[in-house]
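This is my_file_24.txt (compact mmCIF, C-alpha atoms).
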# COMPACT_ATOMS: atom_id res chain seq x y z
CA MET A 1 -33.20 -17.31 -11.38
CA SER A 2 -29.80 -15.69 -11.92
CA ARG A 3 -29.06 -12.14 -10.84
CA ASN A 4 -28.40 -11.11 -14.45
CA VAL A 5 -31.77 -12.37 -15.62
CA ALA A 6 -33.46 -10.60 -12.70
CA LEU A 7 -31.72 -7.35 -13.68
CA LEU A 8 -32.79 -7.80 -17.30
CA PHE A 9 -36.37 -8.30 -16.13
CA ALA A 10 -36.07 -5.12 -14.06
CA ILE A 11 -34.72 -3.10 -17.01
CA ALA A 12 -37.45 -4.39 -19.32
CA CYS A 13 -40.13 -3.59 -16.74
CA GLY A 14 -38.74 -0.10 -16.24
CA LEU A 15 -38.73 0.66 -19.96
CA ALA A 16 -42.24 -0.72 -20.46
CA VAL A 17 -43.90 0.99 -17.50
CA ALA A 18 -42.20 4.30 -18.26
CA ASN A 19 -44.35 4.52 -21.39
CA ILE A 20 -47.45 5.29 -19.34
CA TYR A 21 -45.76 7.93 -17.16
CA TYR A 22 -43.97 10.04 -19.76
CA ALA A 23 -47.03 12.27 -20.07
CA GLN A 24 -46.99 13.46 -16.45
CA PRO A 25 -44.25 16.13 -16.81
CA LEU A 26 -45.54 16.93 -20.31
CA LEU A 27 -49.10 17.82 -19.36
CA ASP A 28 -48.59 21.53 -19.87
CA ALA A 29 -46.97 20.99 -23.30
CA ILE A 30 -49.75 18.62 -24.38
CA SER A 31 -52.33 21.04 -23.00
CA ASN A 32 -50.90 23.92 -25.04
CA GLU A 33 -50.60 21.96 -28.30
CA PHE A 34 -54.05 20.41 -28.29
CA GLY A 35 -55.94 23.17 -26.45
CA ILE A 36 -56.86 21.08 -23.41
CA THR A 37 -57.49 23.10 -20.22
CA HIS A 38 -55.34 22.51 -17.12
CA SER A 39 -58.39 21.34 -15.19
CA SER A 40 -59.03 18.63 -17.79
CA VAL A 41 -55.56 17.65 -18.98
CA GLY A 42 -55.28 15.03 -16.22
CA ILE A 43 -57.63 12.96 -18.39
CA VAL A 44 -54.57 11.98 -20.47
CA ILE A 45 -53.15 10.13 -17.46
CA THR A 46 -56.55 8.80 -16.44
CA ILE A 47 -57.19 7.28 -19.88
CA THR A 48 -53.80 5.60 -19.75
CA GLN A 49 -54.44 4.17 -16.30
CA VAL A 50 -57.97 3.00 -17.11
CA CYS A 51 -56.67 1.16 -20.17
CA TYR A 52 -53.83 -0.22 -18.06
CA ALA A 53 -56.49 -1.64 -15.74
CA LEU A 54 -58.27 -3.20 -18.72
CA GLY A 55 -54.97 -4.74 -19.81
CA LEU A 56 -54.50 -6.18 -16.34
CA LEU A 57 -57.92 -7.79 -16.57
CA LEU A 58 -57.78 -8.97 -20.19
CA LEU A 59 -54.09 -9.64 -20.93
CA VAL A 60 -52.12 -10.47 -17.77
CA PRO A 61 -54.18 -13.61 -16.88
CA LEU A 62 -53.06 -15.05 -20.23
CA GLY A 63 -49.72 -15.72 -18.55
CA ASP A 64 -51.38 -18.67 -16.78
CA LEU A 65 -52.63 -19.99 -20.13
CA LEU A 66 -50.03 -19.20 -22.83
CA ASN A 67 -46.28 -19.35 -23.30
CA ARG A 68 -45.02 -16.27 -21.45
CA ARG A 69 -41.96 -15.85 -23.67
CA TRP A 70 -44.08 -15.31 -26.78
CA LEU A 71 -46.70 -13.33 -24.89
CA ILE A 72 -44.12 -10.85 -23.55
CA ALA A 73 -42.36 -10.34 -26.89
CA GLY A 74 -45.66 -9.93 -28.73
CA GLN A 75 -46.98 -7.27 -26.37
CA LEU A 76 -43.75 -5.28 -26.61
CA LEU A 77 -43.85 -5.30 -30.42
CA VAL A 78 -47.42 -4.00 -30.53
CA SER A 79 -46.40 -1.36 -27.97
CA VAL A 80 -43.87 -0.06 -30.48
CA LEU A 81 -46.69 0.67 -32.93
CA ALA A 82 -48.78 2.39 -30.24
CA LEU A 83 -45.87 4.63 -29.25
CA ILE A 84 -45.37 5.68 -32.86
CA VAL A 85 -49.06 6.63 -33.06
CA VAL A 86 -48.73 8.86 -29.96
CA GLY A 87 -45.51 10.44 -31.23
CA THR A 88 -47.08 11.37 -34.56
CA ALA A 89 -50.66 12.17 -33.40
CA PRO A 90 -52.13 15.07 -35.45
CA THR A 91 -55.18 15.54 -33.21
CA SER A 92 -56.14 15.00 -29.59
CA MET A 93 -58.42 12.10 -30.62
CA VAL A 94 -55.54 10.22 -32.25
CA LEU A 95 -53.44 11.01 -29.17
CA PHE A 96 -56.10 9.50 -26.91
CA ILE A 97 -56.33 6.37 -29.07
CA GLY A 98 -52.58 5.89 -29.08
CA ILE A 99 -52.17 6.56 -25.37
CA SER A 100 -54.99 4.08 -24.66
CA ALA A 101 -53.11 1.35 -26.54
CA VAL A 102 -49.88 2.25 -24.72
CA GLY A 103 -51.65 1.83 -21.37
CA LEU A 104 -53.29 -1.43 -22.39
CA LEU A 105 -50.02 -3.04 -23.47
CA ALA A 106 -47.80 -1.73 -20.65
CA VAL A 107 -49.16 -4.55 -18.48
CA VAL A 108 -46.38 -6.70 -19.93
CA THR A 109 -44.51 -5.59 -16.79
CA GLN A 110 -46.85 -7.65 -14.63
CA THR A 111 -46.40 -10.73 -16.80
CA LEU A 112 -42.67 -10.31 -16.20
CA VAL A 113 -43.20 -10.02 -12.42
CA ALA A 114 -45.25 -13.22 -12.36
CA PHE A 115 -42.63 -14.96 -14.52
CA ALA A 116 -39.86 -13.84 -12.15
CA ALA A 117 -41.78 -15.21 -9.15
CA THR A 118 -42.15 -18.54 -10.96
CA LEU A 119 -38.47 -18.82 -11.88
CA ALA A 120 -37.15 -17.82 -8.44
CA ALA A 121 -36.51 -20.32 -5.66
CA PRO A 122 -39.12 -20.08 -2.84
CA ALA A 123 -36.59 -18.74 -0.31
CA GLU A 124 -35.54 -15.96 -2.71
CA ARG A 125 -38.91 -15.12 -4.25
CA GLY A 126 -39.27 -11.90 -2.28
CA ARG A 127 -35.78 -10.77 -3.31
CA ALA A 128 -36.49 -11.48 -6.99
CA VAL A 129 -39.83 -9.70 -6.87
CA GLY A 130 -38.14 -6.80 -5.08
CA VAL A 131 -35.47 -6.44 -7.78
CA VAL A 132 -37.98 -6.60 -10.65
CA THR A 133 -40.49 -4.32 -8.94
CA SER A 134 -37.72 -1.83 -8.19
CA GLY A 135 -37.12 -1.69 -11.92
CA ILE A 136 -40.78 -0.76 -12.38
CA VAL A 137 -40.73 2.04 -9.82
CA ILE A 138 -37.40 3.39 -11.04
CA GLY A 139 -38.80 3.33 -14.58
CA ILE A 140 -41.81 5.33 -13.41
CA LEU A 141 -39.59 7.91 -11.75
CA LEU A 142 -36.89 8.19 -14.42
CA ALA A 143 -39.64 8.52 -17.04
CA ARG A 144 -40.10 12.08 -15.81
CA THR A 145 -36.40 12.93 -16.12
CA PHE A 146 -36.13 11.27 -19.53
CA ALA A 147 -39.28 12.98 -20.79
CA GLY A 148 -38.26 16.37 -19.43
CA VAL A 149 -34.81 16.37 -21.04
CA LEU A 150 -36.02 15.11 -24.43
CA THR A 151 -38.91 17.59 -24.48
CA ASP A 152 -36.57 20.53 -23.92
CA LEU A 153 -34.22 19.21 -26.63
CA ALA A 154 -36.63 18.04 -29.33
CA GLY A 155 -40.24 18.49 -28.23
CA TRP A 156 -42.62 16.18 -26.38
CA ARG A 157 -43.25 13.95 -29.42
CA SER A 158 -39.61 12.83 -29.45
CA VAL A 159 -40.16 11.16 -26.06
CA TYR A 160 -42.54 8.59 -27.53
CA LEU A 161 -40.58 8.05 -30.75
CA VAL A 162 -37.33 7.38 -28.87
CA SER A 163 -39.22 5.07 -26.52
CA ALA A 164 -40.53 3.14 -29.53
CA VAL A 165 -36.94 2.43 -30.60
CA LEU A 166 -35.88 1.37 -27.09
CA THR A 167 -38.95 -0.87 -26.73
CA LEU A 168 -38.14 -2.59 -30.03
CA ILE A 169 -34.59 -3.28 -28.83
CA ILE A 170 -35.70 -4.70 -25.48
CA ALA A 171 -38.30 -6.91 -27.22
CA TYR A 172 -35.53 -8.49 -29.29
CA VAL A 173 -33.19 -8.96 -26.31
CA LEU A 174 -35.89 -10.48 -24.14
CA PHE A 175 -36.98 -12.93 -26.82
CA ARG A 176 -33.39 -14.11 -27.11
CA VAL A 177 -32.73 -14.31 -23.36
CA LEU A 178 -36.03 -15.34 -21.74
CA PRO A 179 -35.86 -18.92 -20.46
CA HIS A 180 -37.79 -21.54 -22.43
CA TYR A 181 -39.76 -22.32 -19.30
CA GLU A 182 -42.77 -24.55 -19.85
CA HIS A 183 -45.16 -24.17 -16.95
CA LYS A 184 -48.26 -26.28 -16.47
CA SER A 185 -51.01 -24.24 -18.09
CA GLU A 186 -54.47 -24.03 -16.60
CA SER A 187 -57.05 -26.21 -18.35
CA LEU A 188 -59.49 -23.33 -18.56
CA SER A 189 -61.08 -21.40 -21.37
CA TYR A 190 -60.27 -17.69 -21.63
CA LEU A 191 -63.65 -16.71 -20.13
CA GLN A 192 -63.21 -19.20 -17.28
CA LEU A 193 -59.76 -17.77 -16.67
CA LEU A 194 -61.21 -14.26 -16.32
CA ARG A 195 -64.05 -15.44 -14.05
CA SER A 196 -61.53 -17.19 -11.80
CA LEU A 197 -60.19 -13.74 -10.84
CA LEU A 198 -63.39 -13.20 -8.84
CA THR A 199 -62.96 -16.60 -7.22
CA LEU A 200 -59.45 -15.72 -6.11
CA PHE A 201 -60.70 -12.50 -4.48
CA ALA A 202 -63.48 -14.41 -2.75
CA GLN A 203 -61.11 -17.06 -1.39
CA GLU A 204 -57.95 -15.12 -0.53
CA ARG A 205 -58.29 -12.51 2.22
CA ILE A 206 -54.65 -11.44 1.91
CA LEU A 207 -55.29 -10.58 -1.74
CA ARG A 208 -58.29 -8.42 -0.81
CA ILE A 209 -56.41 -6.56 1.93
CA ARG A 210 -53.27 -5.97 -0.10
CA ALA A 211 -55.27 -4.88 -3.16
CA ALA A 212 -57.09 -2.28 -1.04
CA LEU A 213 -53.74 -0.99 0.26
CA ALA A 214 -52.46 -0.78 -3.32
CA LEU A 215 -55.44 1.33 -4.31
CA MET A 216 -54.79 3.83 -1.54
CA ILE A 217 -51.00 4.11 -1.76
CA PHE A 218 -51.06 4.58 -5.53
CA THR A 219 -53.85 7.11 -5.28
CA ALA A 220 -51.50 9.11 -3.03
CA PHE A 221 -48.54 8.45 -5.34
CA SER A 222 -50.48 9.66 -8.39
CA ILE A 223 -51.91 12.69 -6.56
CA PHE A 224 -48.37 13.93 -6.10
CA TRP A 225 -46.67 12.96 -9.36
CA THR A 226 -49.48 14.01 -11.69
CA SER A 227 -49.89 17.50 -10.26
CA ILE A 228 -46.33 18.44 -9.22
CA VAL A 229 -45.60 19.72 -12.75
CA LEU A 230 -48.23 22.45 -12.32
CA PRO A 231 -46.69 24.44 -9.41
CA LEU A 232 -43.14 23.82 -10.63
CA SER A 233 -43.84 25.12 -14.14
CA ALA A 234 -45.88 28.14 -12.96
CA PRO A 235 -44.48 31.43 -11.59
CA PRO A 236 -42.59 32.13 -9.41
CA LEU A 237 -40.66 28.87 -9.93
CA SER A 238 -41.20 28.51 -13.71
CA LEU A 239 -38.86 25.52 -14.00
CA SER A 240 -38.00 23.90 -17.34
CA HIS A 241 -39.15 20.42 -18.30
CA THR A 242 -35.61 19.15 -17.68
CA ALA A 243 -35.54 20.60 -14.17
CA ILE A 244 -39.01 19.25 -13.36
CA GLY A 245 -38.11 15.81 -14.67
CA ALA A 246 -34.93 15.79 -12.58
CA PHE A 247 -37.01 15.53 -9.41
CA GLY A 248 -37.68 11.95 -10.45
CA LEU A 249 -34.05 11.25 -9.56
CA ALA A 250 -34.86 12.00 -5.91
CA GLY A 251 -37.56 9.36 -6.02
CA VAL A 252 -35.09 6.78 -7.33
CA ALA A 253 -33.12 7.05 -4.07
CA GLY A 254 -36.25 6.13 -2.14
CA ALA A 255 -37.10 3.29 -4.52
CA LEU A 256 -33.61 1.78 -4.26
CA ALA A 257 -33.68 2.02 -0.47
CA ALA A 258 -36.98 0.13 -0.41
CA ALA A 259 -35.71 -2.74 -2.56
CA ARG A 260 -34.92 -4.64 0.66
CA ALA A 261 -38.63 -4.87 1.43
CA GLY A 262 -38.83 -8.14 -0.50
CA ARG A 263 -36.08 -9.67 1.65
CA LEU A 264 -37.86 -8.53 4.80
CA ALA A 265 -41.03 -10.21 3.51
CA ASP A 266 -39.02 -13.44 2.96
CA ARG A 267 -38.13 -13.22 6.69
CA GLY A 268 -41.78 -12.82 7.74
CA LEU A 269 -41.55 -9.09 8.48
CA GLY A 270 -44.04 -7.94 5.86
CA GLN A 271 -46.57 -6.46 8.31
CA ARG A 272 -43.97 -4.47 10.22
CA THR A 273 -42.49 -3.13 6.99
CA THR A 274 -45.96 -2.09 5.83
CA GLY A 275 -46.73 -0.18 9.02
CA VAL A 276 -43.46 1.76 9.08
CA ALA A 277 -43.77 2.59 5.38
CA LEU A 278 -47.34 3.90 5.73
CA ILE A 279 -46.29 6.18 8.58
CA LEU A 280 -43.50 7.57 6.37
CA LEU A 281 -46.00 8.07 3.55
CA LEU A 282 -48.21 10.21 5.78
CA ILE A 283 -45.23 12.22 7.09
CA SER A 284 -43.96 12.87 3.54
CA TRP A 285 -46.80 15.31 2.81
CA LEU A 286 -45.47 17.81 5.36
CA PRO A 287 -42.23 18.66 3.50
CA ILE A 288 -44.05 18.29 0.16
CA SER A 289 -46.46 21.04 1.23
CA TYR A 290 -43.51 23.49 1.34
CA THR A 291 -42.73 22.95 -2.38
CA GLN A 292 -43.35 26.57 -3.37
CA HIS A 293 -41.05 27.82 -0.59
CA SER A 294 -38.27 25.22 -0.54
CA LEU A 295 -37.18 22.81 -3.27
CA LEU A 296 -35.01 21.01 -0.69
CA ALA A 297 -38.13 20.23 1.33
CA LEU A 298 -39.69 18.87 -1.86
CA VAL A 299 -36.72 16.54 -2.42
CA VAL A 300 -37.00 15.21 1.15
CA GLY A 301 -40.72 14.64 0.67
CA ILE A 302 -40.18 12.81 -2.63
CA VAL A 303 -37.62 10.44 -1.09
CA LEU A 304 -39.96 9.62 1.79
CA LEU A 305 -43.02 9.19 -0.42
CA ASP A 306 -41.34 6.93 -2.96
CA LEU A 307 -39.55 4.91 -0.28
CA ALA A 308 -42.89 4.29 1.44
CA VAL A 309 -44.88 3.42 -1.68
CA GLN A 310 -42.19 1.09 -3.02
CA ALA A 311 -41.79 -0.71 0.31
CA VAL A 312 -45.53 -1.39 0.62
CA HIS A 313 -45.83 -2.40 -3.03
CA VAL A 314 -42.94 -4.90 -2.91
CA THR A 315 -44.27 -6.32 0.36
CA ASN A 316 -47.75 -6.65 -1.11
CA GLN A 317 -46.56 -8.57 -4.14
CA SER A 318 -44.22 -10.78 -2.13
CA MET A 319 -47.13 -11.80 0.10
CA ILE A 320 -49.74 -12.46 -2.59
CA LEU A 321 -47.45 -14.35 -4.98
CA THR A 322 -46.97 -17.10 -2.38
CA LEU A 323 -50.69 -17.91 -2.31
CA ARG A 324 -51.41 -19.89 -5.50
CA PRO A 325 -48.36 -20.93 -7.58
CA GLU A 326 -50.58 -22.02 -10.48
CA ALA A 327 -52.37 -18.64 -10.59
CA ARG A 328 -49.57 -16.10 -10.22
CA SER A 329 -50.50 -14.15 -13.34
CA ARG A 330 -54.10 -13.85 -12.17
CA LEU A 331 -53.07 -12.88 -8.62
CA THR A 332 -50.84 -10.19 -10.09
CA ALA A 333 -53.60 -9.01 -12.42
CA GLY A 334 -56.20 -8.79 -9.65
CA TYR A 335 -53.87 -6.90 -7.34
CA MET A 336 -52.64 -4.52 -10.02
CA ILE A 337 -56.16 -3.63 -11.15
CA PHE A 338 -56.54 -1.85 -7.82
CA TYR A 339 -53.14 -0.20 -8.32
CA SER A 340 -54.36 1.16 -11.64
CA ILE A 341 -57.69 2.34 -10.26
CA GLY A 342 -55.79 4.22 -7.56
CA SER A 343 -53.44 5.81 -10.10
CA ALA A 344 -56.31 6.91 -12.33
CA THR A 345 -58.28 8.31 -9.38
CA GLY A 346 -55.30 10.25 -8.08
CA SER A 347 -54.51 11.70 -11.51
CA ILE A 348 -57.90 13.20 -12.24
CA ALA A 349 -58.54 14.26 -8.62
CA SER A 350 -55.22 16.06 -8.17
CA THR A 351 -55.40 18.26 -11.26
CA SER A 352 -59.01 19.17 -10.46
CA ILE A 353 -58.18 20.02 -6.82
CA TYR A 354 -55.19 22.10 -7.92
CA VAL A 355 -57.39 24.38 -10.04
CA TYR A 356 -59.71 25.13 -7.12
CA SER A 357 -57.49 24.85 -4.02
CA GLY A 358 -53.92 25.13 -5.26
CA TRP A 359 -50.96 23.11 -4.03
CA ASN A 360 -52.13 23.14 -0.39
CA GLY A 361 -55.37 21.46 -1.46
CA VAL A 362 -53.42 18.77 -3.34
CA CYS A 363 -51.22 18.10 -0.28
CA LEU A 364 -54.23 17.90 2.03
CA LEU A 365 -55.89 15.39 -0.30
CA GLY A 366 -52.71 13.29 -0.41
CA ALA A 367 -52.39 13.34 3.38
CA ILE A 368 -56.02 12.27 3.84
CA VAL A 369 -55.60 9.32 1.47
CA SER A 370 -52.34 8.33 3.21
CA ALA A 371 -54.00 8.51 6.63
CA LEU A 372 -56.83 6.27 5.41
CA ALA A 373 -54.28 3.71 4.20
CA LEU A 374 -52.55 3.71 7.60
CA LEU A 375 -55.89 3.35 9.42
CA PHE A 376 -56.90 0.46 7.13
CA TRP A 377 -53.62 -1.34 7.86
CA VAL A 378 -54.10 -0.89 11.61
CA LEU A 379 -57.60 -2.41 11.40
CA THR A 380 -56.54 -5.39 9.24
CA ARG A 381 -52.96 -6.16 10.29
CA ARG A 382 -53.90 -9.15 12.44
CA LEU A 383 -56.12 -10.77 9.82
CA LYS A 384 -54.69 -13.77 7.99

Whole structure, structure tokens version:
Amino acid sequence: MSRNVALLFAIACGLAVANIYYAQPLLDAISNEFGITHSSVGIVITITQVCYALGLLLLVPLGDLLNRRWLIAGQLLVSVLALIVVGTAPTSMVLFIGISAVGLLAVVTQTLVAFAATLAAPAERGRAVGVVTSGIVIGILLARTFAGVLTDLAGWRSVYLVSAVLTLIIAYVLFRVLPHYEHKSESLSYLQLLRSLLTLFAQERILRIRAALALMIFTAFSIFWTSIVLPLSAPPLSLSHTAIGAFGLAGVAGALAAARAGRLADRGLGQRTTGVALILLLISWLPISYTQHSLLALVVGIVLLDLAVQAVHVTNQSMILTLRPEARSRLTAGYMIFYSIGSATGSIASTSIYVYSGWNGVCLLGAIVSALALLFWVLTRRLK
């Protein structure tokens, strides 16, 4: 797999996954337009993540059955239609329908990850997965900056309409560039393919452990990124959408620094990388808790949090994608279902906690989840 193709995969993944994170810095604008209370507006993110989980279950395993080139292009084209629905939604119900479809189809990123792992040489699989996964995390983080700037310039709807255009362009480029790779498809029916996900979890302990870690780290990740817009947009800070979105740039620094995690996994250092990253994740909540007193402390906390989450995530995927070459799409789907459950849980929990306990309550919740992830790793690190 050439470096240029890996970078194209990363860009495509970033653009696709950004579609489900644009709403996070826009929650107050969406709340005001559709009359959704702050305590309930987190449901917009939760719906997206729940549908993303359904997509992981129903669509990603198809990569082990169908031609991935056509599957990827097709999902991106339908995503264009879903984004247009969100950008033109006249009511909250239409918004929810559109955002559900956006979440369902954004799983194309995981088909691309599995495809990258298949195309890469075994000795460089961790590096390839690291590059592509970095594109995903950077897309998640830059989504906030992109959404914030466009919202201040042309309203929150423009975010989804512009994304529809970009998604259409990347669908065309990918269809032209994706290798005509013919993998040996599984001789299973669709229902058998879905049932085999349970078999993989029953047989592969590493998959179970790494999926549980994904659930916890992305619960912590979502606790922070879903709710941070609320204290930053409220007095005394009262920052603009552009300023709030710019904090995503701080997270990019952490994500780029963690891109080496895949190479460390190739060298057999996955467990050590995981432990160090989880300690950093727990520490990150201390500077984050000073958000309302110091924006510099917030930046430091963001870098640490995103560095930690990205490092664990890349390590997780590098480890599980070596297990069953013929089932990489299903391994990715099973693992990422737990990622999505964690993101959905963190989204709804954080906005609810903020209403009742403020930013300190949100930070305490994030620290507790991070501590549980570290404890779980300590208890399972010697299991094979």

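In this model, the gap between CA of Ser31 in chain A and CA of Leu95 in chain A comes to 11.8 Å.
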
Q) What is the CA of Leu200 in chain A-CA of Gln110 in chain A distance in Å, reported with one decimal? A) 17.2 Å

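Distance-wise, CA of Ala250 in chain A and CA of Val303 in chain A end up 5.8 Å apart.
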
Q: Could you check which of A:Leu372, A:Ile217, A:Val309, A:Ile20 is closest to Arg144 in chain A, using all atoms listed in the file?
A: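 Among the listed residues, A:Ile20 lies closest to Arg144 in chain A.
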
Q | Among the residues A:Val132, A:Leu54, A:Val78, A:Val86, the one that comes closest to Ile30 in chain A [using only C-alpha atoms] | A |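 Ranked by minimum distance to Ile30 in chain A, first place goes to A:Val86.
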
Q.
Can you tell me which residues surround Arg260 in chain A at a distance of at most 9 Å, considering all atoms listed in the file, apart from same-chain residues fewer than 4 positions away, and format the answer as a VMD selection string?
A. chain A and resid 126 to 127 130 to 131 256 264 to 265 311 314

**Q.** Test item: which residues lie within 10 Å of (-48.3, -1.6, -30.9) counting all atoms listed in the file, as a ChimeraX atom specification
**A.** /A:74-85,98,101-102,104-105,164

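The point (-45.2, 19.4, -0.8) has these residues within 9 Å of it, counting all atoms listed in the file: Phe224, Ile228, Ser284, Trp285, Leu286, Pro287, Ile288, Ser289, Tyr290, Thr291, Gln292, Ala297, Leu298, Gly301, Ile302, Trp359, Asn360, Val362 and Cys363 of chain A.
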
Q) Any idea what's packed within 6 Å of range 320-333 of chain A, counting all atoms listed in the file, ignoring anything in its chain fewer than 6 positions away? Could you give it as a list of chain:residue names? A) A:Leu56, A:Val60, A:Pro61, A:Gly63, A:Asp64, A:Ala114, A:Leu207

Q: Find the spatial neighbours of Glu124 in chain A, counting only C-alpha atoms, within a cut-off of 12 Å - ignore same-chain residues fewer than 4 positions away - and output them as a PyMOL selection string.
A: chain A and resi 1-3+6+116-120+128-131+260+262-267+318+322

Q) When distances are computed from only C-alpha atoms, which of A:Ile223, A:Met216, A:Met319, A:Leu307 shows the smallest separation from Leu269 in chain A? A)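 For Leu269 in chain A, the nearest of the candidates is A:Met319.
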
Q. Neighbours of Ala53 in chain A within 12 Å (all atoms listed in the file; same-chain residues fewer than 2 positions away dropped), as number ranges by chain?
A. A: 20, 46-51, 55-60, 100-107, 110, 215, 332-345

Expected file: the selected residues, C-alpha atoms, as a compact mmCIF listing (two decimals), in the coordinates of the input:
# COMPACT_ATOMS: atom_id res chain seq x y z
CA ILE A 20 -47.45 5.29 -19.34
CA THR A 46 -56.55 8.80 -16.44
CA ILE A 47 -57.19 7.28 -19.88
CA THR A 48 -53.80 5.60 -19.75
CA GLN A 49 -54.44 4.17 -16.30
CA VAL A 50 -57.97 3.00 -17.11
CA CYS A 51 -56.67 1.16 -20.17
CA GLY A 55 -54.97 -4.74 -19.81
CA LEU A 56 -54.50 -6.18 -16.34
CA LEU A 57 -57.92 -7.79 -16.57
CA LEU A 58 -57.78 -8.97 -20.19
CA LEU A 59 -54.09 -9.64 -20.93
CA VAL A 60 -52.12 -10.47 -17.77
CA SER A 100 -54.99 4.08 -24.66
CA ALA A 101 -53.11 1.35 -26.54
CA VAL A 102 -49.88 2.25 -24.72
CA GLY A 103 -51.65 1.83 -21.37
CA LEU A 104 -53.29 -1.43 -22.39
CA LEU A 105 -50.02 -3.04 -23.47
CA ALA A 106 -47.80 -1.73 -20.65
CA VAL A 107 -49.16 -4.55 -18.48
CA GLN A 110 -46.85 -7.65 -14.63
CA LEU A 215 -55.44 1.33 -4.31
CA THR A 332 -50.84 -10.19 -10.09
CA ALA A 333 -53.60 -9.01 -12.42
CA GLY A 334 -56.20 -8.79 -9.65
CA TYR A 335 -53.87 -6.90 -7.34
CA MET A 336 -52.64 -4.52 -10.02
CA ILE A 337 -56.16 -3.63 -11.15
CA PHE A 338 -56.54 -1.85 -7.82
CA TYR A 339 -53.14 -0.20 -8.32
CA SER A 340 -54.36 1.16 -11.64
CA ILE A 341 -57.69 2.34 -10.26
CA GLY A 342 -55.79 4.22 -7.56
CA SER A 343 -53.44 5.81 -10.10
CA ALA A 344 -56.31 6.91 -12.33
CA THR A 345 -58.28 8.31 -9.38

Would you mind completing range 165-176 of chain A so that it carries N, CA, C and O atoms, and writing it out as a short mmCIF file (atom, residue, chain, number, x, y, z; two decimals), in the coordinates of the input?
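This is the output file part13.cif:
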data_model
loop_
_atom_site.label_atom_id
_atom_site.label_comp_id
_atom_site.auth_asym_id
_atom_site.auth_seq_id
_atom_site.Cartn_x
_atom_site.Cartn_y
_atom_site.Cartn_z
N VAL A 165 -38.19 3.08 -30.22
CA VAL A 165 -36.94 2.43 -30.60
C VAL A 165 -36.40 1.57 -29.47
O VAL A 165 -36.00 0.41 -29.66
N LEU A 166 -36.39 2.13 -28.25
CA LEU A 166 -35.88 1.37 -27.09
C LEU A 166 -36.73 0.13 -26.81
O LEU A 166 -36.21 -0.93 -26.45
N THR A 167 -38.05 0.26 -26.97
CA THR A 167 -38.95 -0.87 -26.73
C THR A 167 -38.70 -1.97 -27.76
O THR A 167 -38.73 -3.17 -27.43
N LEU A 168 -38.44 -1.60 -28.99
CA LEU A 168 -38.14 -2.59 -30.03
C LEU A 168 -36.86 -3.35 -29.69
O LEU A 168 -36.79 -4.58 -29.84
N ILE A 169 -35.85 -2.63 -29.20
CA ILE A 169 -34.59 -3.28 -28.83
C ILE A 169 -34.79 -4.26 -27.68
O ILE A 169 -34.31 -5.40 -27.72
N ILE A 170 -35.51 -3.82 -26.65
CA ILE A 170 -35.70 -4.70 -25.48
C ILE A 170 -36.55 -5.91 -25.83
O ILE A 170 -36.37 -7.00 -25.27
N ALA A 171 -37.48 -5.77 -26.78
CA ALA A 171 -38.30 -6.91 -27.22
C ALA A 171 -37.40 -7.98 -27.84
O ALA A 171 -37.56 -9.18 -27.56
N TYR A 172 -36.46 -7.54 -28.65
CA TYR A 172 -35.53 -8.49 -29.29
C TYR A 172 -34.65 -9.18 -28.25
O TYR A 172 -34.49 -10.41 -28.27
N VAL A 173 -34.08 -8.39 -27.33
CA VAL A 173 -33.19 -8.96 -26.31
C VAL A 173 -33.93 -9.96 -25.42
O VAL A 173 -33.43 -11.05 -25.13
N LEU A 174 -35.13 -9.58 -25.00
CA LEU A 174 -35.89 -10.48 -24.14
C LEU A 174 -36.23 -11.79 -24.84
O LEU A 174 -36.14 -12.87 -24.24
N PHE A 175 -36.62 -11.71 -26.10
CA PHE A 175 -36.98 -12.93 -26.82
C PHE A 175 -35.79 -13.88 -26.92
O PHE A 175 -35.95 -15.10 -26.88
N ARG A 176 -34.60 -13.29 -27.03
CA ARG A 176 -33.39 -14.11 -27.11
C ARG A 176 -32.98 -14.68 -25.76
O ARG A 176 -32.41 -15.77 -25.68
#
